[in-house]
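Novice: Below you'll find the structure I mean.
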Amino acid sequence: QGLEAGGHRGMFLTDKISTQLGLVSLVSQVVKQVKVPVIAAGGISDSNGVRACLQLGACAVQVGTSYLLCTEAETSD
């Protein structure tokens, strides 16, 4: 997940914000280093974000927090 992620944002080595990457930088770097599918997450809230991540090489995107306002989530009551 990129720095823009809402809700839970997993950290690996440190929780210092200064060491975190934004989603665009993160996806761009990860797809160059791994040979497994990359699923982009964190701060994607519209079709432009989806499109950007796919163009960077992600095979899919995960959108979470923006769905909290949907009726189906039953969190808006």
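Scheme for the structure tokens: letters A, B, ... for chains in order shown; per-chain residue numbers from 1; ligand numbers from 1 in order shown.
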Can you tell me which residues surround Val24 in chain A at a distance of at most 8 Å, considering only C-alpha atoms, apart from same-chain residues fewer than 3 positions away, and format the answer as an mmCIF file with C-alpha atoms, in the first residue's frame?
Specialist:
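The resulting selection.cif:
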```cif
data_model
loop_
_atom_site.group_PDB
_atom_site.id
_atom_site.type_symbol
_atom_site.label_atom_id
_atom_site.label_comp_id
_atom_site.auth_asym_id
_atom_site.auth_seq_id
_atom_site.Cartn_x
_atom_site.Cartn_y
_atom_site.Cartn_z
ATOM 1 C CA GLY A 2 1.062 3.502 -0.703
ATOM 2 C CA VAL A 27 4.113 0.552 -7.745
ATOM 3 C CA SER A 28 6.668 1.821 -10.240
ATOM 4 C CA ALA A 52 -2.530 5.047 -13.487
ATOM 5 C CA CYS A 53 -1.701 1.936 -11.460
ATOM 6 C CA LEU A 56 2.527 1.455 -14.224
#
```
Novice: Could you give me the residues within chain A that DSSP places in strand (DSSP E or B), as a short mmCIF file (atom, residue, chain, number, x, y, z; two decimals) with N, CA and C atoms, in the first residue's frame?
Specialist:
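Produced file part16.cif, reproduced below:
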```cif
data_model
loop_
_atom_site.label_atom_id
_atom_site.label_comp_id
_atom_site.auth_asym_id
_atom_site.auth_seq_id
_atom_site.Cartn_x
_atom_site.Cartn_y
_atom_site.Cartn_z
N ILE A 39 -0.53 -6.05 -6.97
CA ILE A 39 -1.86 -5.47 -6.78
C ILE A 39 -1.66 -4.16 -6.02
N ALA A 40 -2.00 -3.07 -6.67
CA ALA A 40 -1.81 -1.74 -6.07
C ALA A 40 -2.95 -1.44 -5.11
N ALA A 41 -2.61 -0.81 -3.98
CA ALA A 41 -3.61 -0.43 -2.99
C ALA A 41 -3.14 0.81 -2.25
N ALA A 60 -3.70 -5.47 -11.03
CA ALA A 60 -5.01 -5.19 -10.46
C ALA A 60 -4.85 -4.10 -9.41
N VAL A 61 -5.99 -3.57 -8.95
CA VAL A 61 -5.97 -2.61 -7.85
C VAL A 61 -6.98 -3.05 -6.80
N GLN A 62 -6.74 -2.62 -5.58
CA GLN A 62 -7.66 -2.89 -4.48
C GLN A 62 -8.14 -1.56 -3.94
#
```
Novice: Just to confirm, what's the straight-line distance from CA of Val30 in chain A to CA of Leu3 in chain A in Å (one decimal)?
Specialist: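 These atoms are spaced 14.4 Å apart.
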Novice: I'd like the contact shell of Gly42 in chain A - 12 Å cut-off, only C-alpha atoms, skipping same-chain residues fewer than 4 positions apart - returned as a count of residues only.
Specialist: 27
